[in-house]
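Asker: Input file: final-v2.txt. Contents: compact mmCIF, C-alpha atoms.
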```
# COMPACT_ATOMS: atom_id res chain seq x y z
CA MET A 145 329.83 97.07 110.97
CA ASP A 146 326.45 97.85 109.49
CA LEU A 147 325.92 101.43 110.66
CA SER A 148 322.17 101.19 110.22
CA ARG A 149 322.24 99.08 113.40
CA ILE A 150 323.49 102.14 115.24
CA SER A 151 320.58 104.14 113.80
CA GLU A 152 318.12 101.46 114.90
CA THR A 153 319.55 101.30 118.41
CA LEU A 154 319.39 105.07 118.69
CA ILE A 155 315.73 105.00 117.61
CA SER A 156 315.04 102.42 120.33
CA GLY A 157 316.49 104.87 122.86
CA LYS A 158 318.74 102.31 124.54
CA ALA A 159 321.59 104.55 125.68
CA ASP A 160 323.91 101.89 127.13
CA GLU A 161 323.51 99.62 124.13
CA LEU A 162 324.11 102.50 121.75
CA LYS A 163 327.26 103.62 123.50
CA LYS A 164 328.58 100.05 123.50
CA MET A 165 327.87 99.76 119.78
CA VAL A 166 329.63 103.02 119.00
CA GLU A 167 332.62 101.86 121.07
CA GLU A 168 332.69 98.59 119.13
CA ALA A 169 332.56 100.44 115.84
CA VAL A 170 335.45 102.67 116.89
CA ASN A 171 337.45 99.60 118.00
CA ASP A 172 336.72 98.01 114.61
CA ASP A 173 338.37 101.04 113.00
CA VAL A 174 335.18 102.43 111.54
CA ASN A 175 335.73 106.10 110.73
CA PRO A 176 334.15 108.12 113.60
CA SER A 177 332.84 110.58 111.06
CA ASP A 178 330.99 107.73 109.32
CA ILE A 179 329.57 106.58 112.67
CA LEU A 180 328.16 110.05 113.13
CA ASN A 181 326.97 110.71 109.59
CA GLN A 182 325.78 107.26 108.63
CA GLY A 183 324.67 105.98 112.02
CA LEU A 184 323.70 108.61 114.55
CA LEU A 185 322.37 111.45 112.40
CA PRO A 186 320.11 109.24 110.24
CA GLY A 187 318.83 107.75 113.50
CA MET A 188 317.86 111.16 114.83
CA ASP A 189 316.32 112.00 111.46
CA ALA A 190 314.08 108.95 111.80
CA VAL A 191 313.21 110.00 115.35
CA GLY A 192 312.18 113.44 114.08
CA GLN A 193 310.02 111.93 111.37
CA LYS A 194 308.34 109.54 113.79
CA TRP A 195 307.61 112.45 116.12
CA LYS A 196 306.05 114.47 113.29
CA ALA A 197 303.93 111.52 112.24
CA GLY A 198 302.71 111.06 115.80
CA ASP A 199 304.31 107.61 116.05
CA MET A 200 306.68 108.67 118.81
CA PHE A 201 305.85 110.69 121.93
CA MET A 202 307.93 113.41 123.54
CA PRO A 203 309.48 111.24 126.31
CA GLU A 204 310.67 108.77 123.69
CA VAL A 205 312.18 111.60 121.65
CA LEU A 206 313.99 112.89 124.72
CA ARG A 207 315.18 109.40 125.60
CA CYS A 208 316.68 109.12 122.12
CA ALA A 209 318.26 112.54 122.51
CA LYS A 210 319.87 111.46 125.78
CA ALA A 211 321.20 108.32 124.12
CA MET A 212 322.56 110.43 121.26
CA SER A 213 324.16 112.84 123.71
CA SER A 214 325.83 110.04 125.64
CA ALA A 215 327.15 108.45 122.43
CA MET A 216 328.45 111.83 121.29
CA ASP A 217 330.30 112.36 124.56
CA TYR A 218 332.25 109.23 123.73
CA LEU A 219 332.62 109.88 120.00
CA ARG A 220 333.52 113.57 120.06
CA PRO A 221 337.17 113.13 121.18
CA LYS A 222 337.63 110.50 118.47
CA LEU A 223 336.54 112.76 115.65
CA LYS A 224 339.37 114.32 113.70
CA ASP A 225 340.19 117.98 114.17
CA ASP A 226 338.61 118.52 110.75
CA ASP A 227 335.32 117.31 112.12
CA ILE A 228 335.24 119.36 115.30
CA GLY A 229 334.59 123.07 115.42
CA ASN A 230 335.91 123.51 111.93
CA ALA A 231 332.52 123.18 110.33
CA GLY A 232 331.99 126.74 111.53
CA THR A 233 330.05 128.57 114.18
CA MET A 234 326.31 128.48 114.64
CA VAL A 235 324.29 130.96 116.68
CA ILE A 236 320.91 129.55 117.64
CA GLY A 237 317.98 130.75 119.71
CA THR A 238 314.23 130.78 120.18
CA VAL A 239 312.61 134.05 119.09
CA ALA A 240 311.11 136.74 121.33
CA GLY A 241 307.96 135.77 123.21
CA ASP A 242 308.56 132.06 122.70
CA LEU A 243 309.64 129.97 125.67
CA HIS A 244 310.11 126.59 124.01
CA ASP A 245 313.52 125.05 123.77
CA ILE A 246 313.34 121.27 123.43
CA GLY A 247 313.46 121.25 119.62
CA LYS A 248 315.96 124.08 119.46
CA ASP A 249 318.29 122.31 121.91
CA LEU A 250 318.05 119.10 119.88
CA VAL A 251 319.09 121.03 116.77
CA ALA A 252 321.96 122.62 118.71
CA MET A 253 323.13 119.17 119.79
CA MET A 254 322.98 117.85 116.23
CA PHE A 255 325.06 120.71 114.87
CA GLU A 256 327.54 120.40 117.70
CA GLY A 257 327.82 116.72 116.86
CA ALA A 258 328.39 117.61 113.22
CA GLY A 259 331.38 119.76 114.11
CA TYR A 260 329.92 123.20 114.65
CA LYS A 261 330.84 125.48 117.50
CA VAL A 262 327.34 126.27 118.75
CA ILE A 263 326.41 129.45 120.61
CA ASN A 264 323.03 128.68 122.13
CA LEU A 265 321.37 131.97 123.09
CA GLY A 266 318.39 130.32 124.79
CA ILE A 267 314.71 131.20 124.67
CA ASP A 268 312.81 134.47 124.24
CA GLN A 269 315.59 136.23 122.38
CA SER A 270 314.99 139.73 121.09
CA ASN A 271 315.92 140.86 117.57
CA GLU A 272 318.69 142.88 119.11
CA ASN A 273 320.18 139.85 120.85
CA PHE A 274 320.26 137.91 117.59
CA ILE A 275 321.87 140.82 115.74
CA ASN A 276 324.44 141.40 118.47
CA ALA A 277 325.31 137.69 118.55
CA VAL A 278 325.82 137.65 114.78
CA LYS A 279 328.03 140.71 115.01
CA GLU A 280 330.02 139.28 117.89
CA HIS A 281 330.47 135.65 116.82
CA LYS A 282 330.34 136.08 113.04
CA PRO A 283 328.67 132.69 112.63
CA LYS A 284 328.37 130.74 109.43
CA LEU A 285 324.81 129.82 110.43
CA LEU A 286 322.05 131.56 112.34
CA GLY A 287 319.34 129.19 113.56
CA MET A 288 315.98 130.44 114.78
CA SER A 289 313.17 128.44 116.31
CA ALA A 290 309.51 129.13 117.14
CA LEU A 291 306.83 126.78 118.37
CA LEU A 292 303.92 129.19 118.18
CA THR A 293 302.11 130.81 115.28
CA THR A 294 302.05 133.95 117.44
CA THR A 295 305.84 134.14 117.59
CA MET A 296 306.98 132.80 114.23
CA PRO A 297 306.69 136.22 112.51
CA ARG A 298 309.56 137.36 114.77
CA MET A 299 311.88 135.31 112.55
CA GLY A 300 311.13 137.55 109.59
CA GLU A 301 311.74 140.59 111.75
CA VAL A 302 315.19 139.30 112.72
CA ILE A 303 316.01 138.79 109.04
CA ASN A 304 314.90 142.35 108.31
CA SER A 305 317.06 143.58 111.19
CA LEU A 306 320.03 141.70 109.71
CA LYS A 307 319.40 143.53 106.44
CA GLU A 308 319.12 146.89 108.17
CA ALA A 309 322.38 146.20 110.00
CA GLY A 310 324.00 145.39 106.65
CA ILE A 311 325.03 141.90 107.73
CA ARG A 312 322.38 139.72 106.07
CA ASP A 313 324.79 138.40 103.44
CA GLN A 314 327.34 137.42 106.09
CA VAL A 315 325.27 134.64 107.59
CA THR A 316 323.13 131.76 106.38
CA VAL A 317 319.77 131.65 108.14
CA ILE A 318 318.08 128.35 108.95
CA ILE A 319 314.70 128.23 110.68
CA GLY A 320 312.47 125.55 112.17
CA GLY A 321 309.77 124.70 114.69
CA ALA A 322 306.42 122.92 114.61
CA PRO A 323 304.39 125.60 112.75
CA VAL A 324 307.23 126.58 110.39
CA THR A 325 307.11 125.45 106.77
CA ASP A 326 309.38 125.62 103.76
CA ASP A 327 307.01 128.16 102.19
CA PHE A 328 307.18 130.36 105.28
CA ALA A 329 310.99 130.18 105.23
CA LYS A 330 311.01 131.35 101.61
CA GLU A 331 308.45 134.04 102.32
CA ILE A 332 310.51 135.69 105.07
CA GLY A 333 313.78 135.30 103.19
CA ALA A 334 315.43 132.57 105.26
CA ASP A 335 318.01 130.53 103.37
CA LEU A 336 317.09 127.14 104.77
CA TYR A 337 314.25 125.32 106.46
CA GLY A 338 315.01 122.46 108.82
CA PRO A 339 311.96 120.20 109.17
CA ASN A 340 313.51 118.33 112.09
CA ALA A 341 316.70 118.15 114.13
CA GLY A 342 318.02 115.10 112.31
CA THR A 343 317.74 116.50 108.79
CA ALA A 344 318.78 120.09 109.55
CA VAL A 345 322.48 119.20 109.59
CA GLY A 346 322.28 117.42 106.23
CA ILE A 347 320.34 120.30 104.70
CA ALA A 348 322.96 122.80 105.86
CA ARG A 349 325.80 120.58 104.70
CA GLU A 350 324.30 120.16 101.23
CA TYR A 351 323.71 123.90 100.97
CA PHE A 352 327.32 124.75 101.80
CA GLN A 353 328.66 122.09 99.45
CA LYS A 354 326.70 123.58 96.57
CA LYS A 355 327.58 127.14 97.50
CA MET B 53 272.05 123.51 107.63
CA ILE B 54 275.50 124.07 109.13
CA THR B 55 278.24 121.46 109.43
CA ILE B 56 281.09 122.16 111.82
CA ILE B 57 284.32 120.21 111.96
CA ALA B 58 285.98 120.99 115.26
CA CYS B 59 288.64 119.88 117.69
CA ALA B 60 287.38 117.83 120.62
CA SER B 61 289.09 120.35 122.91
CA ILE B 62 286.08 122.63 122.41
CA LYS B 63 283.41 119.94 122.38
CA PRO B 64 281.84 120.71 125.80
CA GLU B 65 281.46 124.39 124.89
CA LEU B 66 280.18 123.86 121.33
CA GLU B 67 277.65 121.26 122.47
CA HIS B 68 276.50 123.62 125.22
CA ILE B 69 276.02 126.47 122.73
CA LYS B 70 274.42 124.26 120.12
CA ALA B 71 271.95 122.91 122.69
CA GLY B 72 268.88 121.73 120.78
CA ALA B 73 269.63 123.31 117.40
CA LYS B 74 268.68 120.65 114.87
CA ASP B 75 270.16 122.33 111.81
CA VAL B 76 273.70 122.20 113.24
CA GLN B 77 275.82 119.05 113.04
CA ILE B 78 279.27 118.95 114.61
CA ARG B 79 281.95 116.40 113.79
CA TYR B 80 285.02 116.18 115.98
CA LEU B 81 288.68 115.28 115.66
CA PRO B 82 290.69 114.19 118.73
CA GLN B 83 292.34 116.95 120.72
CA ASN B 84 296.08 117.48 121.21
CA LEU B 85 296.88 116.98 117.52
CA HIS B 86 298.38 120.49 117.36
CA ARG B 87 301.52 118.81 118.65
CA THR B 88 301.75 116.87 115.39
CA PRO B 89 300.48 119.37 112.81
CA GLU B 90 301.22 117.19 109.78
CA LYS B 91 299.07 114.43 111.22
CA LEU B 92 296.31 116.90 112.09
CA LYS B 93 296.43 118.33 108.57
CA LYS B 94 295.89 114.89 107.01
CA MET B 95 293.08 113.98 109.39
CA LEU B 96 291.36 117.33 108.95
CA GLN B 97 291.55 117.20 105.16
CA ASN B 98 290.05 113.70 105.21
CA LYS B 99 287.23 114.95 107.42
CA VAL B 100 286.61 117.93 105.13
CA ASN B 101 286.57 115.62 102.11
CA GLU B 102 283.77 113.61 103.73
CA VAL B 103 281.49 116.66 103.78
CA LYS B 104 278.79 116.56 101.13
CA TYR B 105 277.28 119.55 99.35
CA ASN B 106 273.93 119.04 101.03
CA ASP B 107 275.62 119.15 104.46
CA GLY B 108 275.26 122.90 103.98
CA LYS B 109 277.59 125.62 105.16
CA LEU B 110 280.92 124.26 106.41
CA VAL B 111 282.65 125.94 109.34
CA LEU B 112 285.90 124.82 110.93
CA GLY B 113 286.33 124.87 114.69
CA PHE B 114 290.11 125.15 114.57
CA GLY B 115 292.57 128.02 114.83
CA LEU B 116 295.88 127.96 113.00
CA CYS B 117 296.79 125.14 115.42
CA SER B 118 300.53 125.00 114.66
CA ASN B 119 299.60 125.86 111.07
CA ALA B 120 297.92 122.50 110.57
CA ILE B 121 295.01 124.19 108.79
CA ILE B 122 297.25 125.86 106.23
CA GLY B 123 296.74 124.18 102.88
CA ILE B 124 293.40 122.57 103.79
CA LYS B 125 291.31 122.55 100.63
CA ALA B 126 287.66 123.61 100.78
CA PRO B 127 284.88 121.40 99.40
CA GLN B 128 282.34 122.39 96.76
CA GLN B 129 280.43 124.75 99.06
CA GLY B 130 283.61 126.47 100.29
CA MET B 131 284.28 126.80 104.02
CA TYR B 132 284.61 129.31 106.81
CA VAL B 133 287.79 129.33 108.91
CA PRO B 134 288.15 131.22 112.21
CA CYS B 135 290.88 133.83 112.44
CA ALA B 136 292.60 132.61 115.59
CA HIS B 137 295.92 131.14 116.60
CA ASP B 138 294.40 128.34 118.60
CA CYS B 139 291.51 127.31 120.82
CA ILE B 140 292.62 129.63 123.62
CA THR B 141 291.19 132.49 121.56
CA PHE B 142 287.86 130.62 121.45
CA PHE B 143 287.84 130.00 125.19
CA LEU B 144 288.63 133.62 125.98
CA GLY B 145 286.09 134.91 123.49
CA SER B 146 288.21 137.16 121.31
CA ARG B 147 291.62 137.73 119.79
CA GLU B 148 291.88 140.95 121.77
CA LYS B 149 291.59 139.11 125.09
CA TYR B 150 294.01 136.45 123.89
CA ASN B 151 296.58 139.08 122.89
CA GLU B 152 296.10 140.93 126.17
CA LEU B 153 296.76 137.81 128.26
CA PHE B 154 299.59 136.65 126.02
CA ARG B 155 301.34 139.93 126.78
CA LYS B 156 300.42 139.99 130.47
CA TYR B 157 301.17 136.34 131.25
CA PRO B 158 303.55 135.16 128.51
CA GLY B 159 304.57 131.85 130.08
CA THR B 160 301.15 130.34 130.62
CA TYR B 161 299.96 126.78 130.16
CA TYR B 162 296.18 126.93 129.70
CA LEU B 163 293.81 124.24 130.90
CA THR B 164 290.09 123.86 130.37
CA LYS B 165 287.41 121.29 131.10
CA SER B 166 288.15 119.17 128.03
CA TRP B 167 291.93 119.21 128.41
CA ILE B 168 291.55 118.02 131.97
CA GLY B 169 288.66 115.66 131.25
CA ASP B 170 290.54 114.00 128.42
CA LYS B 171 293.65 113.69 130.63
CA LYS B 172 295.70 115.96 128.37
CA ASP B 173 296.76 118.19 131.25
CA PRO B 174 300.47 117.84 132.19
CA LEU B 175 299.71 115.48 135.07
CA GLY B 176 297.28 113.54 132.90
CA LEU B 177 299.83 113.14 130.11
CA LEU B 178 302.47 112.14 132.63
CA GLU B 179 300.29 109.58 134.38
CA ASN B 180 298.33 108.19 131.44
CA GLU B 181 300.58 108.39 128.40
CA TYR B 182 304.20 109.03 129.22
CA THR B 183 304.63 106.65 132.17
CA GLN B 184 303.27 103.71 130.21
CA ARG B 185 305.71 104.37 127.40
CA VAL B 186 308.94 105.15 129.22
CA GLY B 187 308.44 104.61 132.96
CA LYS B 188 307.71 107.10 135.72
CA GLU B 189 311.15 108.67 136.04
CA MET B 190 311.64 109.54 132.37
CA ALA B 191 307.98 110.52 132.08
CA GLU B 192 308.29 113.05 134.87
CA GLU B 193 311.62 114.34 133.58
CA THR B 194 310.03 114.92 130.17
CA MET B 195 306.97 116.74 131.40
CA ARG B 196 309.00 118.95 133.72
CA LYS B 197 311.26 119.79 130.79
CA GLU B 198 308.31 120.51 128.50
CA ILE B 199 306.93 123.18 130.79
CA ILE B 200 310.10 124.30 132.52
CA ASN B 201 309.90 127.81 131.09
CA TYR B 202 306.26 128.36 131.98
CA ASP B 203 305.44 130.47 135.03
CA TYR B 204 301.69 129.90 135.23
CA ILE B 205 299.10 127.23 134.92
CA SER B 206 295.84 128.89 134.08
CA PHE B 207 292.39 127.40 134.34
CA ILE B 208 289.82 128.90 132.00
CA ASN B 209 286.47 127.99 133.43
CA THR B 210 284.05 127.74 130.59
CA LEU B 211 281.07 125.89 131.99
CA ASP B 212 279.39 125.59 135.35
CA ASP B 213 279.20 121.83 135.54
CA ASP B 214 282.25 120.04 136.89
CA ARG B 215 283.91 123.37 137.46
CA GLY B 216 285.08 122.68 140.96
CA LYS B 217 286.65 119.37 139.99
CA CYS B 218 288.54 120.77 137.01
CA ARG B 219 289.76 123.77 138.95
CA GLU B 220 291.14 121.49 141.67
CA ARG B 221 292.93 119.38 139.07
CA ALA B 222 294.41 122.53 137.50
CA LYS B 223 295.61 123.59 140.96
CA GLU B 224 297.07 120.12 141.49
CA ASN B 225 299.03 120.54 138.25
CA ALA B 226 300.31 123.93 139.37
CA LYS B 227 301.42 122.55 142.73
CA PHE B 228 303.13 119.47 141.30
CA PHE B 229 305.06 121.41 138.68
CA LYS B 230 305.70 124.40 140.98
CA LYS B 231 303.85 126.96 138.86
CA LYS B 232 301.63 129.84 139.89
CA PHE B 233 297.93 129.14 139.52
CA ILE B 234 295.63 131.68 137.90
CA GLU B 235 292.06 131.46 136.73
CA HIS B 236 290.41 133.26 133.85
CA LYS B 237 286.74 133.57 133.21
CA ALA B 238 285.70 132.23 129.85
CA ASN B 239 283.64 134.08 127.30
CA ASN B 240 281.39 132.11 124.96
CA ASP B 241 281.17 134.77 122.24
CA PHE B 242 283.49 133.04 119.79
CA PHE B 243 281.84 129.67 120.31
CA GLY B 244 278.52 131.33 119.55
CA LYS B 245 279.93 132.73 116.33
CA ILE B 246 281.28 129.33 115.28
CA VAL B 247 277.90 127.67 115.77
CA PHE B 248 275.46 130.39 114.72
CA GLY B 249 277.56 133.05 113.00
CA PRO B 250 277.89 135.65 111.73
CA HIS B 251 280.68 133.94 109.82
CA GLN B 252 282.30 137.09 108.56
CA LYS B 253 285.44 139.18 108.73
CA PRO B 254 287.37 139.78 110.88
CA ASP B 255 286.46 136.65 112.84
CA PHE B 256 286.22 134.30 109.86
CA ILE B 257 287.71 134.01 106.44
CA TYR B 258 285.79 132.36 103.59
CA ILE B 259 287.73 129.86 101.51
CA GLU B 260 286.17 129.43 98.08
CA ALA B 261 285.42 126.02 96.62
CA TYR B 262 288.53 123.91 96.03
CA LYS B 263 290.85 126.72 97.21
CA SER B 264 293.26 126.29 100.11
CA VAL B 265 293.69 128.08 103.42
CA LYS B 266 296.61 130.52 103.36
CA GLN B 267 298.28 131.68 106.53
CA GLN B 268 298.83 135.29 105.52
CA GLU B 269 295.13 135.85 104.79
CA ILE B 270 294.24 134.69 108.29
CA LEU B 271 296.98 136.69 109.98
CA LYS B 272 296.13 139.89 108.10
CA LEU B 273 292.37 139.68 108.34
CA GLY B 274 292.30 138.52 111.88
CA GLY B 275 294.71 141.11 113.17
CA ILE B 276 296.66 138.34 114.86
```
So that I can check it, write out the structure of this file as structure tokens.

Answerer:
Amino acid sequence: MDLSRISETLISGKADELKKMVEEAVNDDVNPSDILNQGLLPGMDAVGQKWKAGDMFMPEVLRCAKAMSSAMDYLRPKLKDDDIGNAGTMVIGTVAGDLHDIGKDLVAMMFEGAGYKVINLGIDQSNENFINAVKEHKPKLLGMSALLTTTMPRMGEVINSLKEAGIRDQVTVIIGGAPVTDDFAKEIGADLYGPNAGTAVGIAREYFQKK
Amino acid sequence: MITIIACASIKPELEHIKAGAKDVQIRYLPQNLHRTPEKLKKMLQNKVNEVKYNDGKLVLGFGLCSNAIIGIKAPQQGMYVPCAHDCITFFLGSREKYNELFRKYPGTYYLTKSWIGDKKDPLGLLENEYTQRVGKEMAEETMRKEIINYDYISFINTLDDDRGKCRERAKENAKFFKKKFIEHKANNDFFGKIVFGPHQKPDFIYIEAYKSVKQQEILKLGGI
């Protein structure tokens, strides 16, 4: 099966059709990991890019996310043990003062789909909550999100708190959100910048492969 | 001569302040582009590039707006950029007021005359944009999700005309989405500064010819 068809169907947001296609691919003995990595994730990447370009509106993005979620519910049990949970743990949250969670939840879903055990802290999370979660769960990745220019500096403060707690080198930090840029990520000492939910997984994967 | 490039979200207020001033020309970009900052950045740069040297002093009527203004390159005469996160600072008159309300009412969705008039309020988006694209059910689900964590819908009343109508629409939004309604009185001070100046620190930063806007300079100078 041409897995780009799965990407295209995901972009169209047709949940039933997508699930049927994924089922067909599984029945045709296509590797579930390939369905995810070559079909679903590139589809969500395209959705993220269309959103950023203003070619797709929020309800369409959410419709795609629902289709992705439904397809993942079917695909997850088919993925090998190697693909589930073993990618590592990710702690993710929206920083203090920021109440936005749509993008952050999309990222969480993508990483969960890519085999991470995701601890989603929620919105408006204090520095202390991030630090405590890193100490408790010892994640491979810490994801932080901000939608406002007023709240994005909190990300740098969390990174400083990680340093002060002596645990900065124990976790890879990835950040994202509408006002966040690659330059800002570098400036505050984050390891990675995820421009959208679809590409964040690939960026993290590439980083860990090189590491 | 002053040329202002501004967001249409502040058009009613800027036009009111400008009144009959003949040496002020204002060019607008559509509102709501802060949601797609990369698109706004491209459109704004194109608009800046259209400004000629004899258009005089160039002033932007944008805040950081999801950082869309970061990297915008000034034309030959340089340009003045307000030190503000977004248009809410303009409507409220100062960064101090903005910061005060941000702390006091953190989960607030602000509405003004132009947001409501241009149907960019939550109900307007739901009825006029989302429903046409995905149907009523998904449209409503999306908008409820977008503002689920907000506690307040606030109406900032900036101008006398139409005020009653806009306030009622803001209240309608609050009722539909089950939010508390509050109203804030606007202050035109910042609009006055955009149109007539003084274009100086800490309210504005000057970007020299062919240099780009940097976020840190705005954050530091503006105390935001």

Asker: Quick check: residues of chain B within 7 Å of chain A, all atoms listed in the file, returned as a ChimeraX atom specification.

Answerer: /B:88,90-91,118-119,137,158-159,182,186,190-191,194,201

Asker: Take the residues just selected and output them with C-alpha atoms as a compact mmCIF listing (two decimals), in the coordinates of the input.

Answerer:
```
# COMPACT_ATOMS: atom_id res chain seq x y z
CA THR B 88 301.75 116.87 115.39
CA GLU B 90 301.22 117.19 109.78
CA LYS B 91 299.07 114.43 111.22
CA SER B 118 300.53 125.00 114.66
CA ASN B 119 299.60 125.86 111.07
CA HIS B 137 295.92 131.14 116.60
CA PRO B 158 303.55 135.16 128.51
CA GLY B 159 304.57 131.85 130.08
CA TYR B 182 304.20 109.03 129.22
CA VAL B 186 308.94 105.15 129.22
CA MET B 190 311.64 109.54 132.37
CA ALA B 191 307.98 110.52 132.08
CA THR B 194 310.03 114.92 130.17
CA ASN B 201 309.90 127.81 131.09
```

Asker: (294.7, 130.2, 111.9) in this file's frame - what residues fall within 8 Å of it? Use only C-alpha atoms and give the answer as a list in words.

Answerer: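 Collected hits near the coordinates: Phe114, Gly115, Leu116, Cys117, Asn119, Ile121, Ile122, Val133, Pro134, Cys135, Ala136, His137, Asp138, Gln267, Ile270 and Leu271 of chain B.
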
Asker: For the atom pair atom CA of B:Phe233 and atom CA of B:Lys63, what is the interatomic distance in Å to one decimal place?

Answerer: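 Separation of atom CA of B:Phe233 and atom CA of B:Lys63: 24.3 Å.
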
Asker: Would you mind telling me which residue in A:Met296, A:Ile275, A:Ala334, A:Leu154 lies nearest to A:Thr238 when using all atoms listed in the file?

Answerer: A:Met296

Asker: Please provide the set of residues having any atom within 9 Å of B:Arg196, restricted to only C-alpha atoms, with same-chain residues fewer than 4 positions apart removed, written as a list in words.

Answerer: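 In the requested form, the answer reads Pro174, Ala191, Glu192, Ile200 and Phe229 of chain B.
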
Asker: Between atom CA of A:Asp313 and atom CA of A:Ser270, measure the distance and give it in Å to one decimal.

Answerer: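 The value is 20.2 Å.
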
Asker: Fewer than 6 positions away in the same chain doesn't count, so skip those; otherwise give me all residues within 8 Å of B:Tyr105, counting all atoms listed in the file, as a ChimeraX atom specification.

Answerer: /B:127-129

Asker: Can you list, as a count of residues only, every protein, DNA or RNA residue that comes within 10 Å of stretch 158-161 of chain A when you count all atoms listed in the file, leaving out same-chain residues fewer than 2 positions away?

Answerer: 20

Asker: Nearest to B:Glu269: which of B:Phe154, B:Gly123, B:His251, B:Met195 is it, counting all atoms listed in the file?

Answerer: B:Gly123

Asker: What is the distance, in Å and to one decimal place, between atom CA of A:Val235 and atom CA of A:Leu185?

Answerer: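 If I compute the distance from atom CA of A:Val235 to atom CA of A:Leu185, I get 20.1 Å.
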
Asker: If we count only C-alpha atoms, what is near A:Gly310 at a cut-off of 12 Å, once residues fewer than 5 positions away on the same chain are taken out, given as a list in words?

Answerer: Ile275, Val278, Lys279, Ile303, Asn304, Ser305 and Val315 of chain A

Asker: Taking (280.9, 118.8, 110.6) in the file's coordinates as the center, which residues reach within 12 Å of it, counting only C-alpha atoms, put as a PDB file with C-alpha atoms, in the frame of the given file?

Answerer:
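Once everything was written out, this is selection-v2.pdb:
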```
ATOM      1  CA  MET B  53     272.050 123.510 107.630  1.00  0.00           C
ATOM      2  CA  ILE B  54     275.500 124.070 109.130  1.00  0.00           C
ATOM      3  CA  THR B  55     278.240 121.460 109.430  1.00  0.00           C
ATOM      4  CA  ILE B  56     281.090 122.160 111.820  1.00  0.00           C
ATOM      5  CA  ILE B  57     284.320 120.210 111.960  1.00  0.00           C
ATOM      6  CA  ALA B  58     285.980 120.990 115.260  1.00  0.00           C
ATOM      7  CA  CYS B  59     288.640 119.880 117.690  1.00  0.00           C
ATOM      8  CA  ALA B  60     287.380 117.830 120.620  1.00  0.00           C
ATOM      9  CA  LEU B  66     280.180 123.860 121.330  1.00  0.00           C
ATOM     10  CA  ASP B  75     270.160 122.330 111.810  1.00  0.00           C
ATOM     11  CA  VAL B  76     273.700 122.200 113.240  1.00  0.00           C
ATOM     12  CA  GLN B  77     275.820 119.050 113.040  1.00  0.00           C
ATOM     13  CA  ILE B  78     279.270 118.950 114.610  1.00  0.00           C
ATOM     14  CA  ARG B  79     281.950 116.400 113.790  1.00  0.00           C
ATOM     15  CA  TYR B  80     285.020 116.180 115.980  1.00  0.00           C
ATOM     16  CA  LEU B  81     288.680 115.280 115.660  1.00  0.00           C
ATOM     17  CA  LEU B  96     291.360 117.330 108.950  1.00  0.00           C
ATOM     18  CA  ASN B  98     290.050 113.700 105.210  1.00  0.00           C
ATOM     19  CA  LYS B  99     287.230 114.950 107.420  1.00  0.00           C
ATOM     20  CA  VAL B 100     286.610 117.930 105.130  1.00  0.00           C
ATOM     21  CA  ASN B 101     286.570 115.620 102.110  1.00  0.00           C
ATOM     22  CA  GLU B 102     283.770 113.610 103.730  1.00  0.00           C
ATOM     23  CA  VAL B 103     281.490 116.660 103.780  1.00  0.00           C
ATOM     24  CA  LYS B 104     278.790 116.560 101.130  1.00  0.00           C
ATOM     25  CA  TYR B 105     277.280 119.550  99.350  1.00  0.00           C
ATOM     26  CA  ASN B 106     273.930 119.040 101.030  1.00  0.00           C
ATOM     27  CA  ASP B 107     275.620 119.150 104.460  1.00  0.00           C
ATOM     28  CA  GLY B 108     275.260 122.900 103.980  1.00  0.00           C
ATOM     29  CA  LYS B 109     277.590 125.620 105.160  1.00  0.00           C
ATOM     30  CA  LEU B 110     280.920 124.260 106.410  1.00  0.00           C
ATOM     31  CA  VAL B 111     282.650 125.940 109.340  1.00  0.00           C
ATOM     32  CA  LEU B 112     285.900 124.820 110.930  1.00  0.00           C
ATOM     33  CA  GLY B 113     286.330 124.870 114.690  1.00  0.00           C
ATOM     34  CA  PHE B 114     290.110 125.150 114.570  1.00  0.00           C
ATOM     35  CA  MET B 131     284.280 126.800 104.020  1.00  0.00           C
ATOM     36  CA  TYR B 132     284.610 129.310 106.810  1.00  0.00           C
ATOM     37  CA  ILE B 246     281.280 129.330 115.280  1.00  0.00           C
ATOM     38  CA  VAL B 247     277.900 127.670 115.770  1.00  0.00           C
TER      39      VAL B 247
END
```

Asker: Just the residues within 9 Å of B:Ser206, please, counting all atoms listed in the file, with nothing from its chain fewer than 4 positions along; format it as a CSV table (one decimal) with C-alpha atoms, keeping the file's coordinate frame.

Answerer:
```
chain,number,residue,atom,x,y,z
B,160,THR,CA,301.2,130.3,130.6
B,161,TYR,CA,300.0,126.8,130.2
B,162,TYR,CA,296.2,126.9,129.7
B,163,LEU,CA,293.8,124.2,130.9
B,164,THR,CA,290.1,123.9,130.4
B,222,ALA,CA,294.4,122.5,137.5
B,223,LYS,CA,295.6,123.6,141.0
B,226,ALA,CA,300.3,123.9,139.4
B,232,LYS,CA,301.6,129.8,139.9
B,233,PHE,CA,297.9,129.1,139.5
B,234,ILE,CA,295.6,131.7,137.9
B,235,GLU,CA,292.1,131.5,136.7
B,236,HIS,CA,290.4,133.3,133.8
```
